[in-house]
>>> print(open('run.json').read())   # JSON, C-alpha atoms
[["chain", "number", "residue", "atom", "x", "y", "z"],
["A", 20, "MET", "CA", -89.88, 93.82, -87.62],
["A", 21, "ASN", "CA", -93.65, 94.46, -87.68],
["A", 22, "ALA", "CA", -95.50, 97.52, -88.95],
["A", 23, "ILE", "CA", -95.61, 99.19, -85.55],
["A", 24, "ASP", "CA", -91.90, 98.70, -84.97],
["A", 25, "SER", "CA", -91.02, 100.07, -88.39],
["A", 26, "ARG", "CA", -92.68, 103.37, -87.58],
["A", 27, "PHE", "CA", -90.03, 103.98, -84.90],
["A", 28, "SER", "CA", -87.02, 102.68, -86.84],
["A", 29, "ALA", "CA", -84.80, 104.46, -89.37],
["A", 30, "PRO", "CA", -86.43, 107.40, -91.22],
["A", 31, "PRO", "CA", -87.78, 106.34, -94.63],
["A", 32, "PHE", "CA", -86.24, 109.22, -96.59],
["A", 33, "GLY", "CA", -82.77, 109.15, -95.02],
["A", 34, "LYS", "CA", -81.40, 111.51, -92.37],
["A", 35, "PRO", "CA", -78.01, 113.10, -93.14],
["A", 36, "ALA", "CA", -75.21, 112.15, -90.78],
["A", 37, "ASP", "CA", -74.16, 115.69, -89.86],
["A", 38, "GLY", "CA", -73.98, 119.28, -91.05],
["A", 39, "TRP", "CA", -76.71, 121.84, -91.69],
["A", 40, "ARG", "CA", -78.87, 119.28, -93.47],
["A", 41, "ALA", "CA", -78.94, 117.09, -90.37],
["A", 42, "ARG", "CA", -79.88, 120.06, -88.19],
["A", 43, "LEU", "CA", -82.58, 121.10, -90.66],
["A", 44, "TYR", "CA", -83.89, 117.52, -90.78],
["A", 45, "THR", "CA", -84.16, 117.48, -86.97],
["A", 46, "ILE", "CA", -86.21, 120.67, -87.00],
["A", 47, "ILE", "CA", -88.53, 119.70, -89.85],
["A", 48, "PHE", "CA", -89.05, 115.95, -89.46],
["A", 49, "GLU", "CA", -88.49, 115.34, -85.74],
["A", 50, "SER", "CA", -90.91, 116.73, -83.16],
["A", 51, "ASP", "CA", -89.19, 115.51, -79.98],
["A", 52, "THR", "CA", -86.99, 118.63, -79.73],
["A", 53, "ARG", "CA", -87.93, 122.16, -78.75],
["A", 54, "SER", "CA", -87.14, 123.54, -82.20],
["A", 55, "GLY", "CA", -89.03, 120.69, -83.88],
["A", 56, "ARG", "CA", -92.14, 121.26, -81.76],
["A", 57, "ALA", "CA", -92.00, 125.01, -82.43],
["A", 58, "PHE", "CA", -91.71, 124.39, -86.18],
["A", 59, "ASP", "CA", -94.69, 122.03, -86.14],
["A", 60, "LEU", "CA", -96.85, 124.46, -84.15],
["A", 61, "LEU", "CA", -96.00, 127.38, -86.45],
["A", 62, "LEU", "CA", -96.72, 125.28, -89.52],
["A", 63, "ILE", "CA", -100.05, 124.08, -88.11],
["A", 64, "ALA", "CA", -101.03, 127.71, -87.47],
["A", 65, "ALA", "CA", -100.01, 128.70, -91.02],
["A", 66, "ILE", "CA", -102.01, 125.83, -92.52],
["A", 67, "ALA", "CA", -105.12, 126.71, -90.49],
["A", 68, "LEU", "CA", -104.87, 130.41, -91.39],
["A", 69, "SER", "CA", -104.31, 129.69, -95.10],
["A", 70, "VAL", "CA", -107.35, 127.40, -95.23],
["A", 71, "ALA", "CA", -109.39, 130.03, -93.40],
["A", 72, "ALA", "CA", -108.30, 132.60, -95.99],
["A", 73, "VAL", "CA", -109.43, 130.34, -98.85],
["A", 74, "VAL", "CA", -112.79, 129.74, -97.16],
["A", 75, "ALA", "CA", -113.27, 133.45, -96.47],
["A", 76, "GLY", "CA", -112.40, 134.30, -100.07],
["A", 77, "SER", "CA", -115.33, 132.19, -101.29],
["A", 78, "VAL", "CA", -117.80, 134.49, -99.45],
["A", 79, "ALA", "CA", -118.79, 137.31, -101.82],
["A", 80, "SER", "CA", -119.24, 140.00, -99.17],
["A", 81, "ILE", "CA", -115.88, 139.24, -97.53],
["A", 82, "ALA", "CA", -114.08, 138.99, -100.86],
["A", 83, "ALA", "CA", -115.50, 142.36, -101.99],
["A", 84, "GLU", "CA", -114.15, 144.15, -98.93],
["A", 85, "TRP", "CA", -111.00, 142.19, -98.10],
["A", 86, "GLY", "CA", -110.17, 140.61, -101.46],
["A", 87, "THR", "CA", -106.85, 142.41, -101.88],
["A", 88, "TRP", "CA", -105.68, 141.46, -98.40],
["A", 89, "LEU", "CA", -106.79, 137.87, -98.84],
["A", 90, "GLN", "CA", -104.94, 137.63, -102.13],
["A", 91, "ALA", "CA", -101.79, 139.05, -100.53],
["A", 92, "ALA", "CA", -102.13, 136.59, -97.65],
["A", 93, "GLU", "CA", -102.50, 133.75, -100.16],
["A", 94, "TRP", "CA", -99.19, 134.63, -101.78],
["A", 95, "VAL", "CA", -97.48, 134.95, -98.39],
["A", 96, "PHE", "CA", -98.71, 131.50, -97.35],
["A", 97, "THR", "CA", -97.74, 130.07, -100.74],
["A", 98, "ALA", "CA", -94.22, 131.48, -100.38],
["A", 99, "LEU", "CA", -93.91, 129.99, -96.88],
["A", 100, "PHE", "CA", -95.13, 126.57, -97.99],
["A", 101, "THR", "CA", -92.81, 126.71, -101.02],
["A", 102, "LEU", "CA", -89.82, 127.33, -98.76],
["A", 103, "GLU", "CA", -90.98, 124.50, -96.51],
["A", 104, "TYR", "CA", -91.31, 122.12, -99.46],
["A", 105, "LEU", "CA", -87.86, 123.02, -100.81],
["A", 106, "ALA", "CA", -86.37, 122.66, -97.32],
["A", 107, "ARG", "CA", -87.84, 119.18, -96.97],
["A", 108, "LEU", "CA", -86.36, 118.13, -100.30],
["A", 109, "ALA", "CA", -82.99, 119.64, -99.38],
["A", 110, "CYS", "CA", -82.56, 117.96, -96.00],
["A", 111, "VAL", "CA", -83.38, 114.35, -96.91],
["A", 112, "GLN", "CA", -81.01, 111.89, -98.54],
["A", 113, "ARG", "CA", -83.70, 110.67, -100.96],
["A", 114, "PRO", "CA", -85.60, 113.78, -102.10],
["A", 115, "LEU", "CA", -87.27, 112.00, -105.02],
["A", 116, "ALA", "CA", -88.71, 109.40, -102.64],
["A", 117, "TYR", "CA", -90.18, 112.17, -100.50],
["A", 118, "ALA", "CA", -91.55, 114.03, -103.54],
["A", 119, "ARG", "CA", -93.33, 110.85, -104.67],
["A", 120, "SER", "CA", -94.70, 110.02, -101.21],
["A", 121, "PHE", "CA", -98.23, 110.83, -100.06],
["A", 122, "PHE", "CA", -97.23, 113.83, -97.96],
["A", 123, "GLY", "CA", -94.82, 114.99, -100.64],
["A", 124, "MET", "CA", -97.66, 115.12, -103.15],
["A", 125, "ILE", "CA", -99.86, 116.93, -100.61],
["A", 126, "ASP", "CA", -97.09, 119.51, -100.04],
["A", 127, "LEU", "CA", -96.87, 120.05, -103.80],
["A", 128, "LEU", "CA", -100.65, 120.37, -104.19],
["A", 129, "ALA", "CA", -100.62, 122.97, -101.41],
["A", 130, "ILE", "CA", -98.51, 125.38, -103.48],
["A", 131, "LEU", "CA", -99.05, 124.43, -107.13],
["A", 132, "PRO", "CA", -102.59, 125.84, -107.61],
["A", 133, "THR", "CA", -101.54, 129.38, -106.68],
["A", 134, "TYR", "CA", -98.76, 129.43, -109.26],
["A", 135, "LEU", "CA", -100.96, 127.83, -111.91],
["A", 136, "SER", "CA", -103.77, 130.35, -111.37],
["A", 137, "TRP", "CA", -101.23, 133.14, -111.85],
["A", 138, "LEU", "CA", -99.83, 131.61, -115.03],
["A", 139, "VAL", "CA", -103.24, 130.97, -116.63],
["A", 140, "PRO", "CA", -104.85, 134.39, -117.31],
["A", 141, "GLY", "CA", -108.06, 135.22, -119.11],
["A", 142, "ALA", "CA", -111.74, 135.34, -118.17],
["A", 143, "HIS", "CA", -112.55, 132.33, -120.37],
["A", 144, "VAL", "CA", -110.63, 130.03, -118.02],
["A", 145, "LEU", "CA", -112.24, 131.40, -114.87],
["A", 146, "LEU", "CA", -113.81, 128.03, -114.11],
["A", 147, "ASP", "CA", -110.42, 126.31, -114.28],
["A", 148, "VAL", "CA", -108.93, 128.89, -111.91],
["A", 149, "ARG", "CA", -111.80, 128.35, -109.47],
["A", 150, "ILE", "CA", -111.08, 124.62, -109.54],
["A", 151, "LEU", "CA", -107.42, 125.35, -108.78],
["A", 152, "ARG", "CA", -108.53, 127.49, -105.83],
["A", 153, "LEU", "CA", -110.45, 124.52, -104.49],
["A", 154, "LEU", "CA", -107.33, 122.38, -104.73],
["A", 155, "ARG", "CA", -105.72, 124.66, -102.15],
["A", 156, "MET", "CA", -107.96, 122.98, -99.59],
["A", 157, "PHE", "CA", -105.53, 120.05, -99.80],
["A", 158, "ARG", "CA", -103.47, 122.07, -97.34],
["A", 159, "ILE", "CA", -105.75, 120.80, -94.60],
["A", 160, "LEU", "CA", -104.33, 117.32, -95.23],
["A", 161, "LYS", "CA", -100.90, 118.63, -94.28],
["A", 162, "LEU", "CA", -102.13, 118.66, -90.70],
["A", 163, "THR", "CA", -102.28, 114.87, -90.65],
["A", 164, "LYS", "CA", -98.51, 114.51, -90.50],
["A", 165, "TYR", "CA", -98.30, 116.49, -87.24],
["A", 166, "ILE", "CA", -101.02, 114.70, -85.27],
["A", 167, "GLU", "CA", -100.19, 111.11, -84.39],
["A", 168, "GLU", "CA", -103.81, 110.03, -84.02],
["A", 169, "TYR", "CA", -104.38, 110.64, -87.75],
["A", 170, "GLY", "CA", -101.76, 108.03, -88.57],
["A", 171, "MET", "CA", -103.25, 105.65, -86.04],
["A", 172, "LEU", "CA", -106.70, 106.03, -87.60],
["A", 173, "VAL", "CA", -105.35, 105.42, -91.11],
["A", 174, "SER", "CA", -103.47, 102.34, -89.91],
["A", 175, "ALA", "CA", -106.63, 101.02, -88.24],
["A", 176, "LEU", "CA", -108.66, 101.56, -91.42],
["A", 177, "VAL", "CA", -106.05, 99.79, -93.53],
["A", 178, "ALA", "CA", -105.82, 96.88, -91.11],
["A", 179, "SER", "CA", -109.65, 96.57, -91.00],
["A", 180, "ARG", "CA", -110.19, 96.94, -94.74],
["A", 181, "ARG", "CA", -111.20, 93.30, -95.33],
["A", 182, "LYS", "CA", -113.75, 93.30, -92.49],
["A", 183, "ILE", "CA", -115.16, 96.64, -93.59],
["A", 184, "LEU", "CA", -115.34, 95.47, -97.21],
["A", 185, "ILE", "CA", -117.27, 92.35, -96.18],
["A", 186, "PHE", "CA", -119.58, 94.47, -94.03],
["A", 187, "LEU", "CA", -120.27, 96.86, -96.92],
["A", 188, "SER", "CA", -120.92, 93.97, -99.30],
["A", 189, "VAL", "CA", -123.50, 92.54, -96.89],
["A", 190, "VAL", "CA", -125.18, 95.95, -96.57],
["A", 191, "MET", "CA", -125.26, 96.32, -100.37],
["A", 192, "MET", "CA", -126.89, 92.90, -100.74],
["A", 193, "ILE", "CA", -129.54, 93.85, -98.16],
["A", 194, "VAL", "CA", -130.41, 97.17, -99.81],
["A", 195, "LEU", "CA", -130.43, 95.56, -103.26],
["A", 196, "LEU", "CA", -132.78, 92.76, -102.19],
["A", 197, "LEU", "CA", -135.13, 94.92, -100.12],
["A", 198, "GLY", "CA", -135.04, 97.70, -102.71],
["A", 199, "THR", "CA", -136.13, 95.21, -105.34],
["A", 200, "VAL", "CA", -138.92, 93.99, -103.05],
["A", 201, "MET", "CA", -140.10, 97.58, -102.55],
["A", 202, "TYR", "CA", -140.08, 98.12, -106.31],
["A", 203, "VAL", "CA", -142.40, 95.14, -106.70],
["A", 204, "VAL", "CA", -144.62, 96.02, -103.73],
["A", 205, "GLU", "CA", -145.02, 99.78, -104.27],
["A", 206, "GLY", "CA", -144.58, 100.19, -108.02],
["A", 207, "ALA", "CA", -144.31, 103.31, -110.14],
["A", 208, "GLU", "CA", -147.51, 104.87, -108.75],
["A", 209, "SER", "CA", -145.72, 105.39, -105.41],
["A", 210, "GLY", "CA", -142.59, 106.80, -107.03],
["A", 211, "PHE", "CA", -140.59, 103.56, -107.16],
["A", 212, "THR", "CA", -140.15, 103.78, -110.92],
["A", 213, "SER", "CA", -137.10, 101.49, -111.18],
["A", 214, "ILE", "CA", -134.91, 99.19, -109.13],
["A", 215, "PRO", "CA", -132.08, 101.79, -108.88],
["A", 216, "THR", "CA", -134.61, 104.31, -107.54],
["A", 217, "ALA", "CA", -135.85, 101.74, -105.03],
["A", 218, "VAL", "CA", -132.27, 100.93, -104.00],
["A", 219, "TYR", "CA", -131.65, 104.67, -103.45],
["A", 220, "TRP", "CA", -134.67, 104.72, -101.15],
["A", 221, "ALA", "CA", -133.43, 101.59, -99.37],
["A", 222, "ILE", "CA", -130.05, 103.22, -98.70],
["A", 223, "SER", "CA", -131.68, 106.37, -97.27],
["A", 224, "ALA", "CA", -133.98, 104.21, -95.13],
["A", 225, "MET", "CA", -131.13, 101.93, -93.99],
["A", 226, "THR", "CA", -129.07, 104.92, -92.87],
["A", 227, "THR", "CA", -132.18, 106.39, -91.16],
["A", 228, "VAL", "CA", -131.81, 109.61, -93.20],
["A", 229, "GLY", "CA", -135.30, 109.55, -94.68],
["A", 230, "PHE", "CA", -135.30, 112.45, -97.16],
["A", 231, "GLY", "CA", -139.04, 112.07, -97.71],
["A", 232, "ASP", "CA", -138.88, 112.25, -101.51],
["A", 233, "LEU", "CA", -139.94, 108.58, -101.69],
["A", 234, "VAL", "CA", -142.50, 107.27, -99.19],
["A", 235, "PRO", "CA", -144.16, 103.83, -99.21],
["A", 236, "LYS", "CA", -147.94, 104.03, -99.50],
["A", 237, "THR", "CA", -149.02, 100.44, -98.85],
["A", 238, "ASP", "CA", -149.14, 98.73, -95.47],
["A", 239, "LEU", "CA", -146.69, 96.07, -96.61],
["A", 240, "GLY", "CA", -144.31, 98.74, -97.88],
["A", 241, "ARG", "CA", -144.46, 100.59, -94.54],
["A", 242, "ALA", "CA", -143.74, 97.33, -92.73],
["A", 243, "ILE", "CA", -140.67, 96.71, -94.91],
["A", 244, "ALA", "CA", -139.53, 100.31, -94.33],
["A", 245, "SER", "CA", -139.88, 99.87, -90.56],
["A", 246, "VAL", "CA", -137.77, 96.72, -90.65],
["A", 247, "MET", "CA", -135.11, 98.48, -92.71],
["A", 248, "MET", "CA", -134.89, 101.45, -90.34],
["A", 249, "LEU", "CA", -134.61, 99.20, -87.30],
["A", 250, "LEU", "CA", -132.04, 97.11, -89.15],
["A", 251, "GLY", "CA", -130.10, 100.27, -89.92],
["A", 252, "TRP", "CA", -129.83, 101.14, -86.23],
["A", 253, "SER", "CA", -128.47, 97.67, -85.48],
["A", 254, "ILE", "CA", -125.83, 97.48, -88.21],
["A", 255, "LEU", "CA", -124.45, 101.03, -88.28],
["A", 256, "ALA", "CA", -122.48, 100.34, -85.11],
["A", 257, "VAL", "CA", -120.62, 97.40, -86.70],
["A", 258, "PRO", "CA", -117.86, 99.37, -88.53],
["A", 259, "THR", "CA", -117.40, 101.57, -85.46],
["A", 260, "GLY", "CA", -116.67, 98.50, -83.34],
["A", 261, "ILE", "CA", -114.29, 97.07, -85.94],
["A", 262, "ILE", "CA", -112.25, 100.27, -86.21],
["A", 263, "SER", "CA", -112.32, 100.94, -82.44],
["A", 264, "SER", "CA", -110.94, 97.49, -81.63],
["A", 265, "GLU", "CA", -108.19, 97.91, -84.21],
["A", 266, "ILE", "CA", -107.24, 101.32, -82.81],
["A", 267, "SER", "CA", -107.06, 99.85, -79.30],
["A", 268, "TYR", "CA", -104.82, 97.05, -80.56],
["A", 269, "GLN", "CA", -102.46, 99.43, -82.35],
["A", 270, "ARG", "CA", -102.42, 101.81, -79.38],
["A", 271, "ALA", "CA", -101.37, 98.97, -77.10],
["A", 272, "GLY", "CA", -98.65, 97.96, -79.57],
["A", 273, "GLN", "CA", -97.29, 101.51, -79.74],
["A", 274, "LEU", "CA", -97.19, 101.83, -75.97],
["A", 275, "ARG", "CA", -95.28, 98.56, -75.71],
["A", 276, "TRP", "CA", -92.77, 99.64, -78.33],
["A", 277, "ARG", "CA", -92.16, 103.01, -76.69],
["A", 278, "ARG", "CA", -91.12, 101.43, -73.43],
["A", 279, "VAL", "CA", -87.43, 101.50, -74.21],
["A", 280, "CYS", "CA", -84.75, 100.38, -71.80],
["A", 281, "ALA", "CA", -82.35, 103.20, -70.93],
["A", 282, "GLY", "CA", -79.46, 100.74, -70.61],
["A", 283, "CYS", "CA", -79.55, 98.61, -73.78],
["A", 284, "MET", "CA", -82.20, 100.59, -75.76],
["A", 285, "ALA", "CA", -84.30, 97.45, -76.27],
["A", 286, "GLY", "CA", -88.00, 98.05, -76.93],
["A", 287, "GLY", "CA", -91.19, 96.03, -77.18],
["A", 288, "HIS", "CA", -91.83, 95.57, -73.45],
["A", 289, "GLU", "CA", -95.27, 94.76, -72.10],
["A", 290, "ASP", "CA", -97.22, 97.37, -70.14],
["A", 291, "SER", "CA", -96.85, 95.43, -66.89],
["A", 292, "ALA", "CA", -93.10, 94.76, -67.27],
["A", 293, "ARG", "CA", -90.83, 96.27, -64.61],
["A", 294, "PHE", "CA", -87.45, 95.11, -65.87],
["A", 295, "CYS", "CA", -85.82, 94.90, -69.29],
["A", 296, "LYS", "CA", -86.14, 91.52, -70.95],
["A", 297, "SER", "CA", -82.64, 91.86, -72.44],
["A", 298, "CYS", "CA", -80.38, 93.29, -69.73],
["A", 299, "GLY", "CA", -82.55, 93.21, -66.60],
["A", 300, "LYS", "CA", -82.33, 96.96, -65.92],
["A", 301, "GLU", "CA", -85.39, 98.57, -64.34],
["A", 302, "LEU", "CA", -87.70, 100.12, -66.93],
["A", 303, "PRO", "CA", -89.09, 103.68, -66.80],
["A", 304, "ALA", "CA", -92.63, 104.11, -65.57],
["A", 305, "HIS", "CA", -95.42, 103.52, -68.07],
["A", 306, "ALA", "CA", -96.47, 106.75, -69.80],
["A", 307, "ASP", "CA", -100.18, 106.35, -68.97],
["A", 308, "THR", "CA", -99.41, 105.40, -65.36],
["A", 309, "ALA", "CA", -97.10, 108.37, -64.95],
["A", 310, "ALA", "CA", -99.73, 110.70, -66.40],
["A", 311, "GLY", "CA", -102.35, 109.32, -64.05],
["A", 312, "LYS", "CA", -100.11, 109.82, -61.02],
["A", 313, "GLY", "CA", -99.31, 113.33, -62.13],
["A", 314, "GLY", "CA", -103.02, 114.21, -62.43]]
>>> encode(input="run.json", output="structure tokens")
Amino acid sequence: MNAIDSRFSAPPFGKPADGWRARLYTIIFESDTRSGRAFDLLLIAAIALSVAAVVAGSVASIAAEWGTWLQAAEWVFTALFTLEYLARLACVQRPLAYARSFFGMIDLLAILPTYLSWLVPGAHVLLDVRILRLLRMFRILKLTKYIEEYGMLVSALVASRRKILIFLSVVMMIVLLLGTVMYVVEGAESGFTSIPTAVYWAISAMTTVGFGDLVPKTDLGRAIASVMMLLGWSILAVPTGIISSEISYQRAGQLRWRRVCAGCMAGGHEDSARFCKSCGKELPAHADTAAGKGG
């Protein structure tokens, strides 16, 4: 079973066979039911509002006028996310596995800072409390579990990691070599006081940012800078193409897997297939084709 197939197989944390835990699992972890979709939408709204409250609380004028209400809202959101976290642990067969997973850690980070800031009083630790407030922004990462495209993007990045690493190593070699050349050509009188400083300039020139704090003064230096900026335009599209092709490949694989035969429940059919490869029963219409006909 490949990576795409495993995403649609048995749940990784174990779904209870029956009882209230199974019903709770369906609501929390499965979004193909009405109750599951409603739960996801409500949780997305709560996450967005809680992050907005944290952002608003960092504005002095808003905090001075609405600070009490924002603090009360923070505790309400923390209580809701605490109940959600406990419910997730209660309805899975392997709660420790969920607690140690990526999203389990994100769920914990979403509620822990509020309790820690309450337990650590005193003006001398104000900086630590402010850092804990910043950690609440991890709640925004909770959104990734409810939007499928986030998972697809992460999978594409992981699958393309070797190509991206090679691309970055080539870019680093270019900026190191040309930065060293600029250090020799321009020298300290033009602001290129060291090779690291010249490499910093090369990176800003390669990415076409051009802060203007370092500017080549000689004709040869300007020529090298022009080449680097043109080179930057040509190579910045490379990682985009790598990731886009990987996303297209994974999207095609997911669509094939989702074409499930209603008779024998076999999956993995090609987009153009009309009949099941196992039992011969006619397959349902392709999702994209059906959507196009409906539009």
>>> atom_distance(input="run.json", atom1="CA of Leu43 in chain A", atom2="CA of Val95 in chain A")
21.8 Å
>>> atom_distance(input="run.json", atom1="CA of Pro235 in chain A", atom2="CA of Thr212 in chain A")
12.4 Å
>>> residues_around(input="run.json", residues="Phe186 in chain A", least_positions_apart="6", cutoff="12 Å", atoms="only C-alpha atoms", output="list in words")
Ser179, Arg180, Met192, Ile193, Ile254, Leu255, Ala256, Val257, Pro258, Thr259, Gly260 and Ile261 of chain A
>>> atom_distance(input="run.json", atom1="CA of Ser77 in chain A", atom2="CA of Asp59 in chain A")
27.5 Å
>>> closest_residue(input="run.json", among="A:Ile262, A:Val203, A:Val218, A:Met225", to="Thr237 in chain A", atoms="all atoms listed in the file")
A:Val203
>>> closest_residue(input="run.json", among="A:Tyr134, A:Trp252, A:Phe100, A:Phe230", to="Leu62 in chain A", atoms="all atoms listed in the file")
A:Phe100
>>> residues_around(input="run.json", residues="Met201 in chain A", least_positions_apart="2", cutoff="12 Å", atoms="only C-alpha atoms", output="ChimeraX atom specification")
/A:194-199,203-207,209-221,224,233-244,247
>>> residues_around(input="run.json", residues="Ala109 in chain A", least_positions_apart="3", cutoff="12 Å", atoms="all atoms listed in the file", output="count of residues only")
22
>>> residues_around(input="run.json", residues="Phe96 in chain A", least_positions_apart="3", cutoff="8 Å", atoms="all atoms listed in the file", output="tab-separated table (two decimals) with C-alpha atoms, in the frame of the given file")
chain	number	residue	atom	x	y	z
A	65	ALA	CA	-100.01	128.70	-91.02
A	69	SER	CA	-104.31	129.69	-95.10
A	92	ALA	CA	-102.13	136.59	-97.65
A	93	GLU	CA	-102.50	133.75	-100.16
A	99	LEU	CA	-93.91	129.99	-96.88
A	100	PHE	CA	-95.13	126.57	-97.99
>>> decode(input="run.json", residues="range 119-127 of chain A", atoms="all heavy atoms", output="short mmCIF file (atom, residue, chain, number, x, y, z; two decimals), in the first residue's frame")
data_model
loop_
_atom_site.label_atom_id
_atom_site.label_comp_id
_atom_site.auth_asym_id
_atom_site.auth_seq_id
_atom_site.Cartn_x
_atom_site.Cartn_y
_atom_site.Cartn_z
N ARG A 119 1.28 12.47 21.11
CA ARG A 119 2.65 12.62 20.65
C ARG A 119 2.74 12.95 19.16
O ARG A 119 3.83 13.19 18.64
CB ARG A 119 3.44 11.34 20.93
CG ARG A 119 3.58 11.04 22.41
CD ARG A 119 4.16 9.65 22.66
NE ARG A 119 5.48 9.51 22.06
CZ ARG A 119 6.19 8.38 22.08
NH1 ARG A 119 5.68 7.28 22.66
NH2 ARG A 119 7.38 8.32 21.53
N SER A 120 1.60 12.99 18.46
CA SER A 120 1.60 13.31 17.04
C SER A 120 1.76 14.81 16.84
O SER A 120 1.69 15.61 17.78
CB SER A 120 0.30 12.83 16.39
OG SER A 120 -0.81 13.56 16.89
N PHE A 121 1.95 15.20 15.59
CA PHE A 121 2.14 16.62 15.27
C PHE A 121 0.93 17.44 15.69
O PHE A 121 1.06 18.45 16.39
CB PHE A 121 2.41 16.78 13.77
CG PHE A 121 2.43 18.22 13.31
CD1 PHE A 121 3.54 19.02 13.55
CD2 PHE A 121 1.33 18.76 12.64
CE1 PHE A 121 3.56 20.34 13.12
CE2 PHE A 121 1.36 20.08 12.22
CZ PHE A 121 2.46 20.87 12.46
N PHE A 122 -0.26 17.02 15.26
CA PHE A 122 -1.45 17.78 15.60
C PHE A 122 -1.80 17.68 17.07
O PHE A 122 -2.38 18.60 17.64
CB PHE A 122 -2.63 17.31 14.74
CG PHE A 122 -2.54 17.76 13.32
CD1 PHE A 122 -2.42 16.84 12.29
CD2 PHE A 122 -2.55 19.10 12.99
CE1 PHE A 122 -2.33 17.25 10.97
CE2 PHE A 122 -2.46 19.52 11.67
CZ PHE A 122 -2.35 18.60 10.67
N GLY A 123 -1.42 16.59 17.72
CA GLY A 123 -1.62 16.50 19.16
C GLY A 123 -0.78 17.53 19.90
O GLY A 123 -1.25 18.16 20.86
N MET A 124 0.47 17.71 19.47
CA MET A 124 1.32 18.71 20.08
C MET A 124 0.81 20.12 19.80
O MET A 124 0.86 21.01 20.67
CB MET A 124 2.75 18.56 19.56
CG MET A 124 3.40 17.24 19.92
SD MET A 124 3.55 17.01 21.70
CE MET A 124 4.71 18.33 22.11
N ILE A 125 0.29 20.35 18.59
CA ILE A 125 -0.27 21.66 18.26
C ILE A 125 -1.49 21.93 19.14
O ILE A 125 -1.68 23.05 19.64
CB ILE A 125 -0.66 21.72 16.77
CG1 ILE A 125 0.61 21.67 15.90
CG2 ILE A 125 -1.46 22.98 16.47
CD1 ILE A 125 1.56 22.82 16.14
N ASP A 126 -2.36 20.93 19.33
CA ASP A 126 -3.52 21.11 20.20
C ASP A 126 -3.10 21.45 21.62
O ASP A 126 -3.74 22.28 22.29
CB ASP A 126 -4.37 19.84 20.20
CG ASP A 126 -5.05 19.60 18.87
OD1 ASP A 126 -5.18 20.57 18.10
OD2 ASP A 126 -5.45 18.46 18.60
N LEU A 127 -2.03 20.84 22.10
CA LEU A 127 -1.55 21.13 23.45
C LEU A 127 -0.96 22.53 23.53
O LEU A 127 -1.20 23.27 24.50
CB LEU A 127 -0.51 20.09 23.86
CG LEU A 127 0.05 20.22 25.28
CD1 LEU A 127 -1.07 20.08 26.31
CD2 LEU A 127 1.13 19.17 25.52
#
